[in-house]
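S.K.: Structure: structure.cif, mmCIF, C-alpha atoms and all ligand atoms.
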```cif
data_data
#
loop_
_atom_site.label_atom_id
_atom_site.label_comp_id
_atom_site.auth_asym_id
_atom_site.auth_seq_id
_atom_site.Cartn_x
_atom_site.Cartn_y
_atom_site.Cartn_z
CA MET A 22 -7.23 17.57 -15.59
CA ARG A 23 -10.72 17.64 -17.02
CA PRO A 24 -13.37 15.52 -15.31
CA ILE A 25 -13.99 12.07 -16.73
CA GLU A 26 -17.43 10.48 -16.64
CA ILE A 27 -16.86 6.98 -15.28
CA ALA A 28 -20.55 6.03 -15.09
CA LYS A 29 -23.71 7.98 -15.85
CA ASP A 30 -23.46 11.22 -13.84
CA VAL A 31 -20.49 9.92 -11.86
CA TYR A 32 -17.26 11.81 -12.55
CA TRP A 33 -13.61 11.34 -11.66
CA VAL A 34 -12.44 14.79 -10.56
CA GLY A 35 -9.08 13.81 -9.14
CA ALA A 36 -5.54 14.89 -9.86
CA ILE A 37 -2.46 13.19 -11.26
CA ASP A 38 0.76 13.64 -9.31
CA TRP A 39 3.30 12.88 -12.03
CA ASN A 40 6.32 13.95 -10.03
CA ILE A 41 6.05 12.39 -6.59
CA ARG A 42 8.84 9.88 -6.07
CA ASP A 43 8.66 9.35 -2.32
CA PHE A 44 5.30 8.76 -0.68
CA HIS A 45 6.10 8.80 3.04
CA GLY A 46 8.94 6.37 2.48
CA TYR A 47 7.35 4.33 -0.34
CA SER A 48 9.09 4.77 -3.70
CA THR A 49 6.65 6.00 -6.31
CA TYR A 50 8.77 5.84 -9.46
CA GLN A 51 5.69 6.33 -11.61
CA GLY A 52 3.92 8.93 -9.51
CA THR A 53 0.39 8.50 -8.25
CA THR A 54 -3.10 9.90 -8.51
CA TYR A 55 -5.47 11.24 -5.89
CA ASN A 56 -8.94 10.20 -6.97
CA ALA A 57 -11.97 12.24 -6.01
CA TYR A 58 -15.43 11.54 -7.40
CA LEU A 59 -18.40 13.79 -8.05
CA LEU A 60 -21.92 12.37 -8.05
CA MET A 61 -24.32 14.56 -9.99
CA ASP A 62 -27.69 14.03 -8.36
CA GLU A 63 -30.33 16.04 -6.54
CA LYS A 64 -27.73 16.44 -3.80
CA ILE A 65 -24.43 16.96 -5.58
CA THR A 66 -21.96 14.88 -3.65
CA LEU A 67 -18.19 14.87 -3.64
CA ILE A 68 -16.50 11.67 -2.48
CA ASP A 69 -13.05 12.35 -1.03
CA THR A 70 -10.70 15.10 -2.11
CA VAL A 71 -7.05 15.30 -3.12
CA LYS A 72 -3.74 16.21 -1.54
CA LYS A 73 -3.68 19.85 -0.42
CA GLU A 74 -1.33 20.95 -3.22
CA PHE A 75 -3.81 19.68 -5.82
CA ALA A 76 -6.97 21.18 -4.32
CA ASP A 77 -7.18 24.01 -6.84
CA GLU A 78 -6.73 21.54 -9.68
CA MET A 79 -9.66 19.47 -8.34
CA ILE A 80 -11.82 22.59 -7.95
CA SER A 81 -10.95 23.64 -11.49
CA SER A 82 -11.86 20.17 -12.76
CA ILE A 83 -15.23 20.34 -10.97
CA GLY A 84 -15.67 23.79 -12.52
CA HIS A 85 -15.92 22.16 -15.97
CA LEU A 86 -19.16 20.51 -14.77
CA ILE A 87 -20.76 22.89 -12.29
CA ASP A 88 -20.04 25.91 -10.18
CA PRO A 89 -18.25 24.17 -7.26
CA LYS A 90 -20.46 26.17 -4.87
CA LYS A 91 -23.32 23.91 -5.93
CA ILE A 92 -21.77 20.90 -4.21
CA ASP A 93 -24.23 20.03 -1.45
CA GLN A 94 -22.16 17.64 0.63
CA VAL A 95 -18.90 15.79 0.92
CA ILE A 96 -18.19 12.20 1.90
CA SER A 97 -14.81 11.57 3.49
CA ASN A 98 -13.99 7.88 3.27
CA HIS A 99 -10.56 8.37 4.84
CA THR A 100 -8.82 11.07 6.85
CA GLU A 101 -5.24 10.59 5.63
CA MET A 102 -4.16 13.87 4.12
CA ASP A 103 -3.67 12.68 0.56
CA HIS A 104 -7.48 12.44 0.48
CA SER A 105 -8.63 15.01 3.01
CA GLY A 106 -5.98 17.67 2.34
CA GLY A 107 -8.29 19.38 -0.16
CA LEU A 108 -11.13 19.72 2.39
CA PRO A 109 -10.21 23.18 3.75
CA ARG A 110 -10.13 24.66 0.23
CA ILE A 111 -13.29 22.94 -0.94
CA MET A 112 -15.23 23.70 2.26
CA HIS A 113 -14.17 27.33 2.04
CA ARG A 114 -15.47 27.36 -1.52
CA ILE A 115 -18.78 25.54 -1.06
CA GLY A 116 -19.64 26.80 2.42
CA GLU A 117 -18.25 25.68 5.77
CA ASP A 118 -21.71 24.59 6.99
CA LYS A 119 -22.27 22.00 4.27
CA PRO A 120 -22.28 18.44 5.69
CA ILE A 121 -19.24 16.18 5.59
CA TYR A 122 -20.24 12.55 6.08
CA CYS A 123 -17.61 10.26 7.57
CA SER A 124 -17.25 7.27 9.87
CA GLN A 125 -17.33 7.72 13.64
CA MET A 126 -13.54 7.56 13.74
CA GLY A 127 -13.45 9.89 10.74
CA PHE A 128 -15.41 12.39 12.83
CA LYS A 129 -12.69 12.30 15.49
CA ASN A 130 -9.78 12.17 13.09
CA LEU A 131 -10.95 14.98 10.81
CA SER A 132 -11.45 17.14 13.92
CA LYS A 133 -7.92 16.33 15.11
CA HIS A 134 -6.44 17.10 11.70
CA TYR A 135 -8.17 20.32 10.75
CA HIS A 136 -9.54 21.86 13.98
CA GLN A 137 -12.43 23.44 12.08
CA LYS A 138 -16.07 23.90 13.05
CA TRP A 139 -17.24 21.87 10.10
CA ASN A 140 -20.61 20.19 9.95
CA LEU A 141 -19.21 16.69 10.43
CA ARG A 142 -21.81 13.93 10.45
CA SER A 143 -20.78 10.46 11.43
CA VAL A 144 -22.50 7.56 9.71
CA GLU A 145 -23.18 4.05 10.98
CA ASN A 146 -21.71 0.94 9.46
CA GLY A 147 -24.39 -0.10 6.94
CA GLY A 148 -26.03 3.31 7.17
CA GLU A 149 -27.70 4.77 4.10
CA LEU A 150 -27.97 8.23 2.61
CA SER A 151 -30.35 9.17 -0.17
CA ILE A 152 -28.93 11.77 -2.53
CA GLY A 153 -31.86 11.81 -4.97
CA LYS A 154 -31.99 9.10 -7.60
CA ARG A 155 -29.34 7.19 -5.72
CA THR A 156 -28.94 5.72 -2.28
CA LEU A 157 -25.47 5.43 -0.84
CA THR A 158 -24.50 2.79 1.68
CA PHE A 159 -21.55 3.17 4.04
CA LEU A 160 -19.42 0.22 4.97
CA GLU A 161 -17.01 0.66 7.84
CA THR A 162 -13.57 -0.81 7.08
CA ARG A 163 -11.82 0.05 10.31
CA MET A 164 -8.02 -0.41 10.11
CA LEU A 165 -8.10 -0.86 6.35
CA HIS A 166 -5.94 0.90 6.71
CA TRP A 167 -6.74 3.62 9.26
CA PRO A 168 -9.31 3.57 12.08
CA ASP A 169 -11.47 5.99 10.06
CA SER A 170 -11.45 4.13 6.75
CA MET A 171 -14.79 3.33 5.18
CA PHE A 172 -16.25 2.42 1.79
CA THR A 173 -19.16 4.14 0.09
CA TYR A 174 -21.35 2.08 -2.22
CA ILE A 175 -23.98 3.09 -4.75
CA LYS A 176 -26.81 0.63 -4.55
CA GLY A 177 -28.24 -0.48 -7.88
CA GLU A 178 -25.31 0.78 -9.91
CA ASN A 179 -23.04 -1.44 -7.78
CA ILE A 180 -20.19 1.05 -7.65
CA LEU A 181 -17.84 0.79 -4.70
CA PHE A 182 -15.71 3.76 -3.64
CA SER A 183 -13.06 1.84 -1.79
CA SER A 184 -10.77 4.53 -0.38
CA ASP A 185 -7.18 3.23 -0.36
CA ALA A 186 -8.15 -0.42 -0.83
CA PHE A 187 -7.50 -1.79 -4.34
CA GLY A 188 -5.44 1.29 -5.19
CA GLN A 189 -2.10 1.61 -6.91
CA HIS A 190 0.52 4.34 -6.99
CA TYR A 191 0.56 4.89 -10.72
CA ALA A 192 0.32 8.15 -12.64
CA GLY A 193 -1.00 7.78 -16.17
CA LEU A 194 -3.70 8.97 -18.50
CA GLU A 195 -5.41 5.59 -18.23
CA ARG A 196 -8.35 5.69 -15.85
CA PHE A 197 -9.58 2.10 -16.16
CA ASP A 198 -8.19 -1.41 -15.85
CA ASP A 199 -9.12 -2.25 -19.44
CA GLU A 200 -7.02 0.65 -20.69
CA ILE A 201 -3.83 -0.58 -19.05
CA GLY A 202 -4.31 -4.34 -18.69
CA GLU A 203 -1.86 -6.55 -16.81
CA ALA A 204 0.72 -3.76 -16.52
CA ILE A 205 -1.16 -2.38 -13.52
CA MET A 206 -0.86 -5.55 -11.44
CA PRO A 207 2.74 -5.03 -10.21
CA HIS A 208 1.70 -1.57 -8.98
CA ALA A 209 -1.33 -3.05 -7.19
CA LEU A 210 0.86 -5.74 -5.63
CA LYS A 211 3.47 -3.26 -4.45
CA TYR A 212 0.75 -1.07 -2.97
CA PHE A 213 -0.72 -4.05 -1.12
CA ALA A 214 2.70 -5.14 0.16
CA ASN A 215 3.55 -1.72 1.55
CA ILE A 216 0.20 -0.36 2.70
CA LEU A 217 -2.07 -3.28 3.46
CA LEU A 218 -0.01 -6.38 4.20
CA LEU A 219 -0.19 -5.75 7.92
CA TYR A 220 -3.98 -5.98 7.70
CA ALA A 221 -4.18 -9.15 5.59
CA PRO A 222 -6.33 -11.02 8.16
CA LEU A 223 -8.83 -8.13 8.16
CA ILE A 224 -8.95 -8.17 4.37
CA LEU A 225 -9.89 -11.84 4.36
CA LYS A 226 -12.65 -11.11 6.90
CA LEU A 227 -13.88 -8.17 4.85
CA VAL A 228 -14.07 -10.23 1.65
CA ASP A 229 -16.07 -12.86 3.56
CA ARG A 230 -18.38 -10.16 4.88
CA VAL A 231 -18.92 -8.76 1.38
CA LYS A 232 -19.77 -12.27 0.15
CA GLU A 233 -22.08 -12.86 3.11
CA ILE A 234 -24.13 -9.74 2.48
CA GLY A 235 -24.11 -10.47 -1.25
CA LEU A 236 -22.74 -7.08 -2.24
CA ALA A 237 -22.73 -6.97 -6.05
CA ILE A 238 -19.75 -5.01 -7.36
CA ASP A 239 -19.58 -3.86 -10.96
CA MET A 240 -16.99 -1.14 -10.50
CA ILE A 241 -14.38 -0.39 -7.86
CA CYS A 242 -13.19 3.20 -7.59
CA PRO A 243 -10.14 3.45 -5.33
CA ASP A 244 -8.52 6.67 -4.18
CA HIS A 245 -5.29 5.98 -6.10
CA GLY A 246 -4.61 4.77 -9.61
CA ILE A 247 -6.96 3.16 -12.07
CA ILE A 248 -10.62 2.21 -11.64
CA TRP A 249 -11.56 -1.47 -11.88
CA ARG A 250 -14.51 -1.72 -14.26
CA LYS A 251 -13.69 -4.61 -16.56
CA GLU A 252 -12.77 -7.16 -13.93
CA PRO A 253 -13.41 -5.87 -10.41
CA GLY A 254 -13.41 -9.50 -9.26
CA LYS A 255 -9.82 -9.86 -10.39
CA ILE A 256 -8.40 -7.38 -7.92
CA ILE A 257 -10.59 -8.81 -5.14
CA SER A 258 -9.32 -12.34 -5.80
CA SER A 259 -5.75 -11.00 -6.02
CA TYR A 260 -6.23 -9.41 -2.58
CA VAL A 261 -7.40 -12.75 -1.21
CA GLU A 262 -4.41 -14.51 -2.75
CA TRP A 263 -1.95 -11.90 -1.49
CA SER A 264 -3.52 -11.94 1.98
CA LEU A 265 -3.02 -15.70 2.23
CA GLN A 266 0.74 -15.17 1.74
CA ARG A 267 1.40 -18.57 0.26
CA PRO A 268 5.18 -19.00 0.00
CA LYS A 269 6.84 -20.17 -3.20
CA ARG A 270 10.25 -21.71 -3.74
CA LYS A 271 11.75 -18.28 -3.66
CA ALA A 272 14.31 -16.60 -1.41
CA LEU A 273 15.46 -13.01 -1.23
CA VAL A 274 18.93 -12.22 -0.03
CA VAL A 275 18.65 -8.72 1.38
CA TYR A 276 21.90 -7.14 2.50
CA ASP A 277 24.23 -4.20 2.75
CA THR A 278 27.99 -4.22 2.72
CA MET A 279 30.95 -2.02 3.67
CA TRP A 280 33.96 -3.43 1.83
CA HIS A 281 32.16 -6.04 -0.31
CA SER A 282 32.74 -8.97 2.03
CA THR A 283 29.07 -9.32 3.00
CA GLU A 284 28.28 -8.78 -0.67
CA ILE A 285 30.54 -11.67 -1.66
CA MET A 286 28.67 -13.81 0.86
CA ALA A 287 25.29 -12.67 -0.50
CA ASN A 288 26.24 -13.54 -4.05
CA ALA A 289 27.62 -16.94 -3.05
CA ILE A 290 24.38 -17.76 -1.15
CA VAL A 291 22.30 -16.69 -4.17
CA ASP A 292 24.50 -18.76 -6.48
CA SER A 293 23.99 -21.81 -4.29
CA LEU A 294 20.22 -21.23 -4.05
CA GLY A 295 20.04 -20.95 -7.84
CA GLN A 296 21.86 -24.25 -8.22
CA GLU A 297 19.22 -25.82 -6.00
CA GLY A 298 16.41 -24.55 -8.22
CA VAL A 299 15.35 -21.69 -5.96
CA ASP A 300 14.11 -18.43 -7.43
CA ALA A 301 16.66 -16.24 -5.66
CA ARG A 302 18.12 -12.79 -6.01
CA PRO A 303 20.34 -10.48 -4.02
CA MET A 304 18.84 -7.12 -3.08
CA HIS A 305 21.38 -4.54 -1.98
CA LEU A 306 19.75 -2.12 0.41
CA ARG A 307 21.33 0.96 -1.12
CA THR A 308 20.37 -0.13 -4.63
CA CYS A 309 16.88 -1.50 -4.04
CA HIS A 310 14.24 0.58 -2.29
CA ARG A 311 12.68 -0.95 0.81
CA SER A 312 9.22 -0.76 -0.77
CA ASP A 313 10.39 -2.70 -3.84
CA ILE A 314 11.94 -5.33 -1.61
CA MET A 315 8.63 -5.70 0.25
CA ALA A 316 6.85 -6.34 -3.05
CA GLU A 317 9.37 -9.08 -3.82
CA ILE A 318 8.99 -10.57 -0.37
CA MET A 319 5.28 -11.19 -0.84
CA ASP A 320 5.63 -14.65 -2.38
CA ALA A 321 9.10 -15.53 -1.06
CA ALA A 322 9.37 -18.41 1.38
CA ALA A 323 12.62 -17.09 2.87
CA VAL A 324 14.24 -13.76 3.63
CA ILE A 325 17.98 -14.09 4.13
CA MET A 326 19.43 -10.97 5.71
CA GLY A 327 23.07 -9.93 5.56
CA SER A 328 24.77 -7.15 7.48
CA PRO A 329 28.33 -6.25 8.33
CA THR A 330 28.81 -5.41 11.98
CA LEU A 331 29.27 -1.68 12.33
CA ASN A 332 30.20 -0.24 15.72
CA ASN A 333 28.96 -3.42 17.40
CA GLY A 334 25.58 -3.11 15.71
CA LEU A 335 23.71 -3.53 12.46
CA PHE A 336 24.50 -1.54 9.36
CA PRO A 337 21.95 1.35 9.41
CA THR A 338 20.16 0.36 6.20
CA VAL A 339 19.66 -3.14 7.57
CA SER A 340 18.13 -1.73 10.76
CA ASP A 341 15.92 0.50 8.66
CA PHE A 342 14.68 -2.39 6.57
CA LEU A 343 14.11 -4.70 9.52
CA THR A 344 12.06 -1.98 11.23
CA TYR A 345 10.03 -1.43 8.07
CA MET A 346 9.44 -5.13 7.44
CA LYS A 347 8.55 -5.79 11.07
CA GLY A 348 5.83 -3.15 10.88
CA LEU A 349 4.26 -4.85 7.86
CA ARG A 350 4.27 -8.27 9.58
CA PRO A 351 4.81 -10.67 6.68
CA GLN A 352 3.63 -14.18 7.57
CA ASN A 353 4.82 -17.70 6.75
CA LYS A 354 8.48 -16.74 6.30
CA LYS A 355 11.67 -18.55 7.04
CA GLY A 356 14.89 -16.67 7.62
CA ALA A 357 18.62 -16.79 8.13
CA ALA A 358 21.34 -14.21 8.72
CA PHE A 359 24.89 -13.74 7.58
CA GLY A 360 27.60 -11.12 7.57
CA SER A 361 31.25 -10.24 7.67
CA TYR A 362 32.71 -8.74 10.81
CA GLY A 363 35.95 -7.33 12.18
CA TRP A 364 35.71 -7.68 15.96
CA SER A 365 32.42 -7.96 17.89
CA GLY A 366 30.41 -9.58 15.06
CA ASP A 367 27.01 -8.91 16.65
CA ALA A 368 25.06 -8.28 13.45
CA VAL A 369 23.98 -11.89 12.88
CA LYS A 370 22.75 -12.19 16.46
CA LEU A 371 20.81 -8.92 16.13
CA ILE A 372 19.18 -9.99 12.86
CA ASN A 373 18.18 -13.31 14.40
CA LYS A 374 16.55 -11.46 17.28
CA GLU A 375 14.50 -9.32 14.89
CA MET A 376 13.52 -12.32 12.81
CA GLU A 377 12.37 -14.17 15.91
CA ALA A 378 10.32 -11.13 16.88
CA MET A 379 8.68 -11.37 13.44
CA LYS A 380 8.01 -15.08 14.04
CA PHE A 381 10.24 -16.10 11.14
CA GLU A 382 11.36 -19.71 11.35
CA LEU A 383 15.16 -19.60 11.53
CA ILE A 384 16.71 -22.10 9.16
CA ASP A 385 20.21 -21.72 10.57
CA PRO A 386 21.86 -19.96 13.54
CA GLY A 387 23.59 -17.72 11.00
CA LEU A 388 26.92 -17.44 9.25
CA ARG A 389 29.62 -14.98 10.32
CA ILE A 390 32.89 -14.55 8.46
CA HIS A 391 35.87 -12.74 9.91
CA TYR A 392 36.81 -9.94 7.50
CA VAL A 393 37.10 -11.15 3.87
CA PRO A 394 35.69 -14.56 2.87
CA ASP A 395 38.34 -17.06 1.71
CA GLU A 396 37.69 -20.30 -0.12
CA GLU A 397 36.42 -21.94 3.07
CA GLY A 398 34.15 -18.99 3.70
CA ILE A 399 32.66 -19.20 0.21
CA LYS A 400 32.13 -22.91 0.73
CA ALA A 401 30.28 -22.15 3.98
CA CYS A 402 28.03 -19.71 2.06
CA HIS A 403 27.27 -22.44 -0.47
CA GLU A 404 26.45 -24.85 2.33
CA LEU A 405 24.12 -22.27 3.88
CA GLY A 406 22.43 -21.83 0.49
CA LYS A 407 21.88 -25.58 0.25
CA LYS A 408 20.47 -25.73 3.75
CA ILE A 409 18.07 -22.89 2.97
CA ALA A 410 17.01 -24.55 -0.30
CA ALA A 411 16.27 -27.80 1.55
CA ALA A 412 13.96 -25.90 3.92
CA LEU A 413 11.88 -24.30 1.14
CA PRO A 414 8.73 -25.63 -0.48
CA SER A 415 9.31 -27.70 -3.61
CA GLN A 416 7.50 -25.20 -5.85
FE1 LIG A 501 -3.98 7.19 0.25
FE2 LIG A 501 -4.25 6.17 3.51
O1 LIG A 501 -4.06 7.38 2.12
#
```
Just dump the structure as structure tokens.
M.R.:
Amino acid sequence: MRPIEIAKDVYWVGAIDWNIRDFHGYSTYQGTTYNAYLLMDEKITLIDTVKKEFADEMISSIGHLIDPKKIDQVISNHTEMDHSGGLPRIMHRIGEDKPIYCSQMGFKNLSKHYHQKWNLRSVENGGELSIGKRTLTFLETRMLHWPDSMFTYIKGENILFSSDAFGQHYAGLERFDDEIGEAIMPHALKYFANILLLYAPLILKLVDRVKEIGLAIDMICPDHGIIWRKEPGKIISSYVEWSLQRPKRKALVVYDTMWHSTEIMANAIVDSLGQEGVDARPMHLRTCHRSDIMAEIMDAAAVIMGSPTLNNGLFPTVSDFLTYMKGLRPQNKKGAAFGSYGWSGDAVKLINKEMEAMKFELIDPGLRIHYVPDEEGIKACHELGKKIAAALPSQ
């Protein structure tokens, strides 16, 4: 890709990964981008790099503007390798002794990742760096979403380089929010649900801190996806809304099935929920990707989990999903379990245990049906649906 000037003398020099479909377990049906930014100033400064495989593409993009050797310094906002993977190639090219500015944890983490004698310089939270016409400010954002994460901010021009925050996994030729419009929001939501949900309380604190210090923001440049220049406030207020995790009258019935019995139960529960005016849908775990289910869970008041009992335990996809969801710690959820069984029938008990560990409020002890549901069994599923509906908010 050629560089794109996103503000005067500020260039996007990233790469588009059109083909990635699995980003460490997150489904990226529409690819992603790795955004790196070049500040043309007295000290030519590169902010973040790209995934290792795209390093030459980034260097070639920079080559349209300057000889890459002229880069004076690099800022690493985040150590994760989709943003630091290009460092070995770029440092080799510009000179291993050139400074790399990073947070204190970035100092440790870059050392642990690359084991190089680079000129790493840790910066303080709120620390400043003059690069000529511009002064950069560093804002530590520890655990958003790694210990090393930080933001870099250009004072005066009010441009925030926000690392992973406010990003989206979306590959496209659009570089700005005004070029894509509302269509980007589901990607931003899914990204939040799968990368940042766990840190929702920290996000609320960070937004308060930004308000407290009166940080003016005219443009947000994340490390993935489009840049927010038309309405940077919109993605910030969406983050606040998503962090609050306000439940709606919505329930997801997440399940897997062996011989369709648990599926029959899932569909009957959804049918009953629908009749009670609940926004409900079944999500089969071998049809729907776990990361898509997490996006749907964001505004759901209830997660109803179904699993057949397999070898006295949970069906493997159900275990997988429960592990994934538990790690992301969704808040304010109610839950219930169901499933068909042949002999031990432990799956419902095991789901309940996981839901309790996630602090879900259990609506019902759970519904087990021996082998294939009969008319009575279907009726019991409908009753469970009604009970769930009665426990949900009215809107
Ligand atoms: Fe996009 Fe945390 O890396």
S.K.: Near stretch 158-167 of chain A, within 10 Å and counting all atoms listed in the file, which residues show up once chain neighbours fewer than 2 positions away are dropped, as an MDAnalysis selection string?
M.R.: chainID A and resid 96 98:101 122:127 130 144:151 155:156 169:176 181:186 216:221 223:224 227 231
S.K.: Kindly indicate which residue among A:Met22, A:Met79, A:Ala192, A:Met102 lies nearest to ligand LIG 501 (chain A), using all atoms listed in the file for the distances.
M.R.: A:Met102
S.K.: Neighbours of A:Asn353 within 12 Å (only C-alpha atoms; same-chain residues fewer than 6 positions away dropped), as a PyMOL selection string?
M.R.: chain A and resi 264-269+318-324+376+379-383+413-414
S.K.: Nearest to ligand LIG 501 (chain A) among A:Val31, A:Ile409, A:Gln51, A:Phe213, with distances taken over only C-alpha atoms and all ligand atoms: which residue is it?
M.R.: A:Phe213
S.K.: Excluding A:Ile121 and residues on its chain fewer than 2 positions from it, collect all residues at most 8 Å away from it, counting all atoms listed in the file, and give them as a PyMOL selection string.
M.R.: chain A and resi 94-97+119+123+139-142
S.K.: Which is closer to A:Pro337 than all the others in A:His391, A:Lys138, A:Arg307, A:Arg302, using all atoms listed in the file?
M.R.: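 Looking only at the distances to A:Pro337, the closest residue turns out to be A:Arg307.
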S.K.: Near A:Lys347, within 8 Å and counting only C-alpha atoms, which residues show up once chain neighbours fewer than 3 positions away are dropped, as a list of chain:residue names?
M.R.: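 The residues that qualify are A:Leu343, A:Thr344, A:Arg350, A:Pro351, A:Glu375, A:Met379.
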S.K.: Of the residues A:Val71, A:Ala36, A:Met315, A:Val299, which is the one nearest to ligand LIG 501 (chain A), using only C-alpha atoms and all ligand atoms?
M.R.: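 Smallest distance to ligand LIG 501 (chain A) is found for A:Val71.
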S.K.: Figure out the distance between atom CA of A:Val291 and atom CA of A:Ala410, please, to one decimal in Å.
M.R.: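 So the answer is 10.2 Å.
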S.K.: Have a look at atom CA of A:Glu26 and atom CA of A:Pro109 and let me know their distance in Å, one decimal.
M.R.: 25.1 Å
S.K.: Rounded to one decimal place, report the atom CA of A:Cys402-atom CA of A:Ile290 distance in Å.
M.R.: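 Interatomic distance here is 5.2 Å.
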S.K.: So which residues fall inside 12 Å of (3.7, -2.0, -12.9) if we count only C-alpha atoms? Mind giving them as a list of chain:residue names?
M.R.: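 Residues found, by chain and rising number: A:Thr49, A:Tyr50, A:Gln51, A:Gly52, A:Thr53, A:Gln189, A:His190, A:Tyr191, A:Ala192, A:Gly193, A:Ile201, A:Gly202, A:Glu203, A:Ala204, A:Ile205, A:Met206, A:Pro207, A:His208, A:Ala209, A:Leu210, A:Lys211, A:Tyr212, A:Gly246, A:Ile247, A:Asp313, A:Ala316.
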S.K.: Write the residues of the selection above to a file with C-alpha atoms, as a PDB file, in the coordinates of the input.
M.R.:
```
ATOM      1  CA  THR A  49       6.650   6.000  -6.310  1.00  0.00           C
ATOM      2  CA  TYR A  50       8.770   5.840  -9.460  1.00  0.00           C
ATOM      3  CA  GLN A  51       5.690   6.330 -11.610  1.00  0.00           C
ATOM      4  CA  GLY A  52       3.920   8.930  -9.510  1.00  0.00           C
ATOM      5  CA  THR A  53       0.390   8.500  -8.250  1.00  0.00           C
ATOM      6  CA  GLN A 189      -2.100   1.610  -6.910  1.00  0.00           C
ATOM      7  CA  HIS A 190       0.520   4.340  -6.990  1.00  0.00           C
ATOM      8  CA  TYR A 191       0.560   4.890 -10.720  1.00  0.00           C
ATOM      9  CA  ALA A 192       0.320   8.150 -12.640  1.00  0.00           C
ATOM     10  CA  GLY A 193      -1.000   7.780 -16.170  1.00  0.00           C
ATOM     11  CA  ILE A 201      -3.830  -0.580 -19.050  1.00  0.00           C
ATOM     12  CA  GLY A 202      -4.310  -4.340 -18.690  1.00  0.00           C
ATOM     13  CA  GLU A 203      -1.860  -6.550 -16.810  1.00  0.00           C
ATOM     14  CA  ALA A 204       0.720  -3.760 -16.520  1.00  0.00           C
ATOM     15  CA  ILE A 205      -1.160  -2.380 -13.520  1.00  0.00           C
ATOM     16  CA  MET A 206      -0.860  -5.550 -11.440  1.00  0.00           C
ATOM     17  CA  PRO A 207       2.740  -5.030 -10.210  1.00  0.00           C
ATOM     18  CA  HIS A 208       1.700  -1.570  -8.980  1.00  0.00           C
ATOM     19  CA  ALA A 209      -1.330  -3.050  -7.190  1.00  0.00           C
ATOM     20  CA  LEU A 210       0.860  -5.740  -5.630  1.00  0.00           C
ATOM     21  CA  LYS A 211       3.470  -3.260  -4.450  1.00  0.00           C
ATOM     22  CA  TYR A 212       0.750  -1.070  -2.970  1.00  0.00           C
ATOM     23  CA  GLY A 246      -4.610   4.770  -9.610  1.00  0.00           C
ATOM     24  CA  ILE A 247      -6.960   3.160 -12.070  1.00  0.00           C
ATOM     25  CA  ASP A 313      10.390  -2.700  -3.840  1.00  0.00           C
ATOM     26  CA  ALA A 316       6.850  -6.340  -3.050  1.00  0.00           C
TER      27      ALA A 316
END
```
S.K.: Skipping near chain neighbours, those fewer than 6 positions away, what residues fall within 8 Å of A:Thr283 using all atoms listed in the file, listed as a list in words?
M.R.: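 Once the adjacent positions are removed, what remains is Tyr276, Asp277, Gly327, Ser328, Pro329, Phe359, Gly360 and Ser361 of chain A.
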S.K.: A:His245, A:Lys129, A:Leu60, A:Asp239: which is nearest ligand LIG 501 (chain A), counting only C-alpha atoms and all ligand atoms?
M.R.: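 Checking each candidate against ligand LIG 501 (chain A), we get A:His245 as the closest.
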